[in-house]
file query.txt (compact mmCIF, C-alpha atoms and all ligand atoms)
# COMPACT_ATOMS: atom_id res chain seq x y z
CA MET A 29 3.39 14.36 22.51
CA GLN A 30 0.36 12.16 22.26
CA ILE A 31 -2.90 13.91 21.72
CA ASN A 32 -6.13 12.11 22.36
CA ARG A 33 -9.42 12.97 20.76
CA ARG A 34 -10.68 15.08 23.62
CA THR A 35 -7.64 17.32 23.94
CA TRP A 36 -7.44 17.64 20.19
CA LEU A 37 -11.04 18.77 19.98
CA LEU A 38 -10.73 21.06 22.97
CA GLY A 39 -7.44 22.42 21.77
CA SER A 40 -8.84 23.16 18.38
CA SER A 41 -12.47 23.90 17.77
CA SER A 42 -13.52 25.28 21.13
CA LEU A 43 -10.63 27.69 21.40
CA ALA A 44 -10.90 28.64 17.76
CA MET A 45 -14.63 29.20 18.16
CA ALA A 46 -14.00 31.30 21.24
CA GLY A 47 -11.77 33.44 19.11
CA PHE A 48 -8.59 32.71 21.02
CA LEU A 49 -6.82 31.04 18.15
CA PRO A 50 -6.93 31.45 14.41
CA ALA A 51 -8.43 28.45 12.63
CA CYS A 52 -5.11 27.46 11.12
CA THR A 53 -3.75 26.31 14.48
CA THR A 54 -6.43 23.65 14.92
CA THR A 55 -4.15 20.65 14.40
CA PRO A 56 -1.35 19.45 16.63
CA THR A 57 1.91 20.48 15.08
CA SER A 58 4.40 18.61 17.23
CA LEU A 59 4.53 15.34 15.33
CA LYS A 60 7.34 12.94 16.04
CA PRO A 61 9.97 12.43 13.32
CA VAL A 62 9.14 9.69 10.81
CA ALA A 63 12.14 7.52 11.66
CA GLN A 64 11.17 7.50 15.35
CA THR A 65 7.67 6.15 14.90
CA ILE A 66 8.13 3.53 12.15
CA SER A 67 9.26 0.98 14.74
CA ALA A 68 6.01 1.69 16.62
CA GLY A 69 4.04 0.88 13.46
CA TYR A 70 2.82 4.29 12.43
CA VAL A 71 3.76 7.58 10.77
CA GLN A 72 1.95 10.90 11.18
CA HIS A 73 1.78 13.93 8.96
CA LYS A 74 0.02 17.26 9.26
CA LEU A 75 -1.95 18.24 6.17
CA GLY A 76 -3.38 21.74 6.50
CA ASN A 77 -5.89 21.43 9.34
CA ALA A 78 -6.03 17.67 9.01
CA ARG A 79 -3.78 14.99 10.40
CA ILE A 80 -2.97 11.85 8.41
CA THR A 81 -1.65 8.76 10.19
CA ALA A 82 -0.38 5.73 8.27
CA VAL A 83 -0.93 2.72 10.53
CA SER A 84 0.46 -0.73 9.81
CA ASP A 85 -1.72 -3.80 10.27
CA GLY A 86 1.35 -5.97 9.71
CA VAL A 87 3.57 -7.46 7.04
CA THR A 88 3.51 -10.97 5.56
CA LYS A 89 6.21 -12.76 3.62
CA ARG A 90 5.19 -13.95 0.17
CA ALA A 91 7.43 -16.22 -1.91
CA LEU A 92 8.09 -14.59 -5.26
CA ASP A 93 6.95 -16.80 -8.11
CA ALA A 94 6.59 -16.27 -11.85
CA GLY A 95 2.86 -15.58 -11.50
CA PHE A 96 3.10 -12.58 -9.16
CA VAL A 97 3.65 -10.16 -12.03
CA ARG A 98 1.51 -11.44 -14.87
CA ASN A 99 3.24 -9.81 -17.77
CA ALA A 100 6.94 -9.63 -16.89
CA PRO A 101 9.51 -12.45 -16.82
CA LEU A 102 10.64 -13.42 -13.31
CA PRO A 103 14.30 -12.36 -13.87
CA GLU A 104 13.11 -8.83 -14.76
CA VAL A 105 10.98 -8.68 -11.63
CA GLN A 106 13.91 -9.91 -9.53
CA ALA A 107 16.16 -7.30 -11.16
CA ALA A 108 13.68 -4.56 -10.21
CA LEU A 109 13.67 -5.75 -6.60
CA ALA A 110 17.47 -5.95 -6.53
CA ALA A 111 17.70 -2.43 -7.97
CA ALA A 112 15.59 -1.24 -5.03
CA GLY A 113 17.89 -3.05 -2.58
CA LEU A 114 15.23 -5.65 -1.76
CA PRO A 115 15.36 -9.45 -1.46
CA THR A 116 14.65 -11.25 -4.74
CA THR A 117 13.27 -14.53 -3.38
CA HIS A 118 10.24 -13.13 -1.58
CA ILE A 119 8.25 -9.96 -1.02
CA ASP A 120 7.47 -8.58 2.42
CA VAL A 121 3.93 -7.45 1.70
CA PRO A 122 2.79 -4.62 4.00
CA TYR A 123 -0.82 -3.80 4.88
CA THR A 124 -1.19 -0.12 5.73
CA CYS A 125 -4.39 1.64 6.74
CA PHE A 126 -4.73 5.40 7.19
CA VAL A 127 -6.51 7.44 9.83
CA VAL A 128 -7.66 10.88 8.67
CA GLU A 129 -8.58 13.42 11.33
CA LEU A 130 -10.52 16.29 9.85
CA ASP A 131 -13.12 18.69 11.26
CA GLY A 132 -13.30 16.78 14.55
CA LYS A 133 -13.97 13.42 12.93
CA ARG A 134 -11.81 10.33 12.55
CA TYR A 135 -11.96 8.32 9.33
CA LEU A 136 -10.26 4.95 8.89
CA LEU A 137 -9.30 4.12 5.30
CA ASP A 138 -9.32 0.32 4.78
CA THR A 139 -9.17 -2.05 7.74
CA GLY A 140 -6.55 -4.81 7.58
CA PHE A 141 -7.36 -8.27 8.92
CA ALA A 142 -8.37 -7.96 12.62
CA ASP A 143 -7.90 -11.49 14.06
CA ASN A 144 -8.80 -13.35 10.84
CA ALA A 145 -5.32 -14.11 9.51
CA SER A 146 -1.76 -14.86 10.64
CA PRO A 147 -0.20 -13.39 13.82
CA GLN A 148 1.93 -11.18 11.57
CA THR A 149 -1.25 -9.21 10.88
CA GLY A 150 -4.06 -7.76 12.99
CA LEU A 151 -1.70 -5.22 14.58
CA LEU A 152 -3.70 -2.16 13.52
CA HIS A 153 -5.14 -1.32 16.93
CA THR A 154 -1.83 -1.79 18.77
CA HIS A 155 -0.24 0.65 16.36
CA MET A 156 -3.19 3.07 16.47
CA ARG A 157 -2.90 3.25 20.25
CA ALA A 158 0.85 3.87 19.92
CA ALA A 159 -0.13 6.85 17.77
CA GLY A 160 -2.53 8.06 20.46
CA ILE A 161 -5.64 7.08 18.51
CA ASP A 162 -8.34 5.11 20.33
CA PRO A 163 -9.82 2.59 17.87
CA ALA A 164 -13.23 3.13 19.50
CA SER A 165 -13.10 6.77 18.40
CA ILE A 166 -13.32 5.94 14.66
CA ASP A 167 -16.41 7.70 13.27
CA ALA A 168 -16.37 6.28 9.76
CA VAL A 169 -14.58 3.67 7.67
CA ILE A 170 -13.98 4.29 3.97
CA LEU A 171 -13.07 1.31 1.78
CA THR A 172 -11.07 1.45 -1.45
CA HIS A 173 -12.39 -1.98 -2.45
CA MET A 174 -13.65 -5.25 -1.02
CA HIS A 175 -10.72 -7.66 -1.25
CA GLY A 176 -10.30 -9.58 2.02
CA ASP A 177 -7.11 -7.86 3.15
CA HIS A 178 -8.94 -4.51 3.07
CA ILE A 179 -12.29 -5.48 4.67
CA ASN A 180 -11.62 -8.35 7.10
CA GLY A 181 -10.77 -5.85 9.81
CA LEU A 182 -14.44 -4.83 10.02
CA ARG A 183 -15.50 -8.10 11.68
CA ARG A 184 -13.63 -10.38 14.07
CA LYS A 185 -13.43 -14.14 13.75
CA ASP A 186 -16.16 -14.53 16.39
CA GLY A 187 -18.50 -12.45 14.21
CA SER A 188 -18.45 -9.29 16.32
CA LEU A 189 -18.14 -5.89 14.63
CA VAL A 190 -14.89 -4.01 15.17
CA TYR A 191 -16.38 -0.52 14.60
CA PRO A 192 -20.06 -0.94 15.55
CA ARG A 193 -20.82 2.78 15.71
CA ALA A 194 -18.98 3.78 12.50
CA ASP A 195 -20.56 4.36 9.12
CA VAL A 196 -18.91 2.23 6.42
CA PHE A 197 -18.53 3.94 3.05
CA VAL A 198 -18.13 1.69 0.01
CA ALA A 199 -18.39 2.41 -3.71
CA GLN A 200 -21.75 1.39 -5.11
CA PRO A 201 -20.39 -0.59 -8.12
CA GLU A 202 -17.98 -2.45 -5.81
CA PHE A 203 -20.71 -3.42 -3.34
CA THR A 204 -23.09 -4.44 -6.11
CA PHE A 205 -20.49 -6.64 -7.82
CA TRP A 206 -19.45 -8.61 -4.76
CA MET A 207 -22.92 -8.98 -3.22
CA ASP A 208 -24.41 -10.37 -6.44
CA ASP A 209 -25.26 -14.02 -5.63
CA ALA A 210 -25.85 -14.93 -9.29
CA ARG A 211 -22.36 -13.68 -10.15
CA MET A 212 -20.83 -15.64 -7.26
CA ASN A 213 -22.60 -18.84 -8.27
CA ALA A 214 -21.51 -18.43 -11.88
CA ALA A 215 -17.87 -17.83 -10.89
CA PRO A 216 -15.38 -20.69 -11.13
CA GLU A 217 -14.78 -22.49 -7.84
CA ALA A 218 -11.35 -20.86 -7.44
CA ALA A 219 -12.86 -17.37 -7.68
CA ARG A 220 -15.59 -17.89 -5.08
CA GLY A 221 -13.39 -17.25 -2.03
CA GLY A 222 -13.44 -13.50 -2.65
CA PHE A 223 -17.23 -13.45 -2.75
CA GLN A 224 -17.43 -15.55 0.42
CA ALA A 225 -15.00 -13.25 2.25
CA VAL A 226 -17.27 -10.31 1.41
CA ARG A 227 -20.30 -12.19 2.75
CA ARG A 228 -18.51 -13.12 5.98
CA VAL A 229 -18.13 -9.40 6.69
CA PHE A 230 -21.19 -7.84 5.06
CA ALA A 231 -24.00 -10.40 5.29
CA ASN A 232 -26.15 -9.15 8.17
CA TYR A 233 -24.07 -5.99 8.59
CA PRO A 234 -26.42 -3.33 10.04
CA GLN A 235 -27.86 -1.80 6.88
CA ASP A 236 -28.10 1.71 8.31
CA LYS A 237 -24.31 1.73 8.70
CA ILE A 238 -23.54 0.89 5.06
CA LYS A 239 -23.23 4.07 2.99
CA GLN A 240 -22.82 3.36 -0.70
CA PHE A 241 -21.40 6.21 -2.74
CA VAL A 242 -20.91 6.94 -6.42
CA PRO A 243 -17.15 7.02 -7.19
CA GLY A 244 -16.15 10.60 -7.92
CA ARG A 245 -18.53 12.07 -5.35
CA GLN A 246 -17.63 13.70 -2.04
CA ILE A 247 -18.10 11.79 1.19
CA ALA A 248 -17.77 14.83 3.44
CA ALA A 249 -16.39 18.35 3.11
CA GLY A 250 -12.72 17.85 2.26
CA ILE A 251 -13.03 14.13 1.51
CA SER A 252 -13.61 13.15 -2.09
CA THR A 253 -13.40 9.91 -4.06
CA ILE A 254 -11.80 9.07 -7.41
CA ALA A 255 -12.96 6.20 -9.61
CA ALA A 256 -9.89 3.98 -10.08
CA PHE A 257 -11.44 0.85 -11.54
CA GLY A 258 -9.50 -2.19 -12.72
CA HIS A 259 -7.92 -3.76 -9.64
CA THR A 260 -11.55 -4.53 -8.79
CA PRO A 261 -14.72 -3.40 -10.60
CA GLY A 262 -15.41 -0.51 -8.21
CA HIS A 263 -11.92 0.20 -6.87
CA THR A 264 -11.84 3.82 -5.66
CA ALA A 265 -9.10 6.18 -4.47
CA ILE A 266 -9.77 8.59 -1.61
CA ALA A 267 -8.57 12.20 -1.53
CA VAL A 268 -8.39 14.55 1.46
CA GLN A 269 -8.05 18.28 0.99
CA SER A 270 -7.29 20.83 3.69
CA GLU A 271 -5.96 24.37 3.28
CA GLN A 272 -4.81 23.74 -0.32
CA LYS A 273 -2.92 20.63 0.81
CA ARG A 274 -3.93 17.32 -0.68
CA PHE A 275 -3.50 13.68 0.32
CA THR A 276 -4.57 10.83 -1.95
CA PHE A 277 -4.85 7.22 -0.79
CA ILE A 278 -4.53 5.09 -3.91
CA GLY A 279 -5.47 1.76 -2.32
CA ASP A 280 -4.21 -0.97 -4.66
CA THR A 281 -4.04 1.16 -7.82
CA ALA A 282 -0.34 0.34 -7.65
CA HIS A 283 0.45 -2.67 -5.48
CA TYR A 284 4.05 -2.98 -4.23
CA PRO A 285 5.78 0.32 -5.13
CA ALA A 286 9.20 -1.00 -6.16
CA LEU A 287 7.44 -3.03 -8.85
CA PHE A 288 4.22 -1.30 -9.88
CA VAL A 289 4.98 2.40 -9.36
CA LYS A 290 8.34 1.97 -11.04
CA HIS A 291 6.79 -0.17 -13.81
CA PRO A 292 3.15 0.89 -14.17
CA ASP A 293 2.64 -1.45 -17.13
CA TRP A 294 3.30 -4.45 -14.92
CA GLN A 295 0.16 -6.21 -13.74
CA VAL A 296 -0.03 -7.78 -10.31
CA GLN A 297 -1.86 -11.10 -10.27
CA PHE A 298 -4.67 -9.60 -8.16
CA ASP A 299 -5.71 -7.01 -10.77
CA MET A 300 -9.11 -8.34 -11.83
CA ASN A 301 -9.29 -6.39 -15.09
CA ALA A 302 -5.58 -6.20 -15.85
CA GLU A 303 -5.78 -3.84 -18.82
CA GLN A 304 -8.17 -1.41 -17.11
CA ALA A 305 -5.96 -1.50 -14.00
CA ARG A 306 -2.88 -0.70 -16.10
CA ALA A 307 -4.58 2.29 -17.73
CA THR A 308 -5.90 3.54 -14.37
CA ARG A 309 -2.43 3.22 -12.83
CA HIS A 310 -0.91 5.42 -15.54
CA THR A 311 -3.69 8.02 -15.33
CA LEU A 312 -3.79 8.32 -11.55
CA LEU A 313 -0.03 8.20 -10.92
CA SER A 314 0.52 10.77 -13.65
CA ARG A 315 -2.10 13.06 -12.10
CA LEU A 316 -0.56 12.66 -8.65
CA ALA A 317 2.93 13.41 -10.01
CA ASP A 318 1.54 16.59 -11.60
CA GLU A 319 -0.33 17.63 -8.45
CA GLY A 320 2.69 17.01 -6.21
CA GLY A 321 0.49 16.22 -3.19
CA LEU A 322 1.00 13.63 -0.49
CA VAL A 323 0.25 10.04 -1.53
CA GLY A 324 -0.40 6.86 0.45
CA GLY A 325 -0.53 3.24 -0.72
CA TYR A 326 -1.89 0.17 1.05
CA HIS A 327 0.91 -2.26 0.18
CA PHE A 328 3.59 0.41 0.53
CA PRO A 329 6.14 -0.19 3.33
CA LEU A 330 6.09 2.34 6.18
CA PRO A 331 6.22 5.33 6.08
CA SER A 332 3.67 4.45 3.34
CA LEU A 333 3.33 8.21 2.80
CA GLY A 334 5.33 10.11 0.21
CA HIS A 335 5.34 11.60 -3.24
CA ILE A 336 5.15 10.32 -6.81
CA HIS A 337 7.51 11.66 -9.46
CA LYS A 338 7.62 10.94 -13.17
CA ALA A 339 10.72 8.94 -14.12
CA GLY A 340 11.26 7.67 -17.65
CA SER A 341 8.37 5.49 -18.74
CA GLY A 342 7.25 5.02 -15.15
CA PHE A 343 7.33 6.76 -11.80
CA ASP A 344 9.46 7.02 -8.69
CA TRP A 345 8.12 6.63 -5.18
CA GLN A 346 9.76 9.01 -2.73
CA PRO A 347 8.78 8.09 0.83
CA LEU A 348 8.59 10.77 3.53
CA THR A 349 11.72 11.04 5.64
ZN ZN J 1 -4.76 -5.42 -1.29
call {"tool": "encode", "arguments": {"input": "query.txt", "output": "structure tokens", "more": "lines below"}}
Ligand SMILES: [Zn+2]
result
Amino acid sequence: MQINRRTWLLGSSSLAMAGFLPACTTTPTSLKPVAQTISAGYVQHKLGNARITAVSDGVTKRALDAGFVRNAPLPEVQAALAAAGLPTTHIDVPYTCFVVELDGKRYLLDTGFADNASPQTGLLHTHMRAAGIDPASIDAVILTHMHGDHINGLRRKDGSLVYPRADVFVAQPEFTFWMDDARMNAAPEAARGGFQAVRRVFANYPQDKIKQFVPGRQIAAGISTIAAFGHTPGHTAIAVQSEQKRFTFIGDTAHYPALFVKHPDWQVQFDMNAEQARATRHTLLSRLADEGGLVGGYHFPLPSLGHIHKAGSGFDWQPLT
């Protein structure tokens, strides 16, 4: 069953307010099985009164070279991939955004590429519609950080805004870092692309739509943020709580799970402060393993939702089935 925004709202709040239904029935319960929807590019899960939808923006193939994991020899990295039953010559890098429906609002966590990259990406809206979610109904976007693969989906190649009516929440230290012209000009040529990508999206973005927040603070009732610095200076995880159930989107705290959840000491080449990122990875994954809640990761293959368990010196990723 596909449930659009209107029927969901009518089916939930108005009936609940009228006293016909207890509040705990406010979310659609008839979700399709995980295996059935992966081929359509999404996976849905009920979380208390909220609904979480992992939505793929696409997957790109990246040749595996010795630089991908900074601090592990290539044969060890290949062995880890082989142990997970994966190809050892390349990595199929997924880009997975999440839609959170809570208290009648729709939040999009990270945005993919829109039409700014290869045809293997920019599939977010096709997959959202397959899940019964109208992209125009997004009320707010929350960013984990400002690397291009997470923010490009806010603005199309022609300059138009993808979510013109949505507020865009971004961590204050992240925004300050990337929008600092002096820092950009002082950066080596090779490091300027990241700053320019941020300006393509955020220069002239309507200022009243940008909502900077302090990592650790709440964004709305039931939606909190967790400082997870290291991958970028203001990298932030996002947690959703409903009826004692918890979902945490870790962004790029751990990049590809078969490598960086399994081996949290390994540092992906995109970690800007590699040592801080390593420490954050241990702390956050350990906390999530203890909590036992639902977890989502951006570069995690669909279902992209699952649980973290402690395993030896690292962790295991157990995807939803
Ligand atoms: Zn990323």
call {"tool": "closest_residue", "arguments": {"input": "query.txt", "among": "A:Gly250, A:Gly140, A:Pro216, A:Pro234", "to": "ligand ZN 1 (chain J)", "atoms": "all atoms listed in the file"}}
result
A:Gly140
call {"tool": "residues_near_point", "arguments": {"input": "query.txt", "point": "(-7.8, -2.0, -4.7)", "cutoff": "6 Å", "atoms": "all atoms listed in the file", "output": "JSON, numbers by chain"}}
result
{"A": [172, 173, 259, 263, 279, 280, 281]}
call {"tool": "axis_aligned_box", "arguments": {"input": "query.txt", "around": "range 312-326 of chain A", "padding_each_side": "8 Å", "output": "lines of an AutoDock Vina configuration file"}}
result
center_x = -0.4
center_y = 8.9
center_z = -6.3
size_x = 22.7
size_y = 33.5
size_z = 30.7
call {"tool": "closest_residue", "arguments": {"input": "query.txt", "among": "A:Arg306, A:Arg228, A:Lys89, A:Arg315", "to": "Arg183 in chain A", "atoms": "only C-alpha atoms"}}
result
A:Arg228
call {"tool": "closest_residue", "arguments": {"input": "query.txt", "among": "A:Arg193, A:His335, A:His283, A:Arg220", "to": "ligand ZN 1 (chain J)", "atoms": "only C-alpha atoms and all ligand atoms"}}
result
A:His283
call {"tool": "closest_residue", "arguments": {"input": "query.txt", "among": "A:Ala282, A:Ala248, A:Leu59, A:Leu114", "to": "ligand ZN 1 (chain J)", "atoms": "only C-alpha atoms and all ligand atoms"}}
result
A:Ala282
call {"tool": "atom_distance", "arguments": {"input": "query.txt", "atom1": "CA of Ile166 in chain A", "atom2": "CA of Ser67 in chain A"}}
result
23.1 Å
call {"tool": "residues_near_ligand", "arguments": {"input": "query.txt", "ligand": "ligand ZN 1 (chain J)", "cutoff": "8 Å", "atoms": "all atoms listed in the file", "output": "list in words"}}
result
Tyr123, His175, Gly176, Asp177, His178, Gly279, Asp280, His283, Tyr326 and His327 of chain A
call {"tool": "residues_near_point", "arguments": {"input": "query.txt", "point": "(-6.7, 19.1, -3.8)", "cutoff": "12 Å", "atoms": "only C-alpha atoms", "output": "count of residues only"}}
result
27
call {"tool": "closest_residue", "arguments": {"input": "query.txt", "among": "A:Leu312, A:Val190, A:Met207, A:Ile278", "to": "Leu333 in chain A", "atoms": "all atoms listed in the file"}}
result
A:Ile278
call {"tool": "residues_around", "arguments": {"input": "query.txt", "residues": "Thr116 in chain A", "least_positions_apart": "5", "cutoff": "10 Å", "atoms": "only C-alpha atoms", "output": "list in words"}}
result
Ala91, Leu92, Leu102, Pro103, Val105, Gln106, Ala107, Ala108, Leu109, Ala110 and Ala111 of chain A
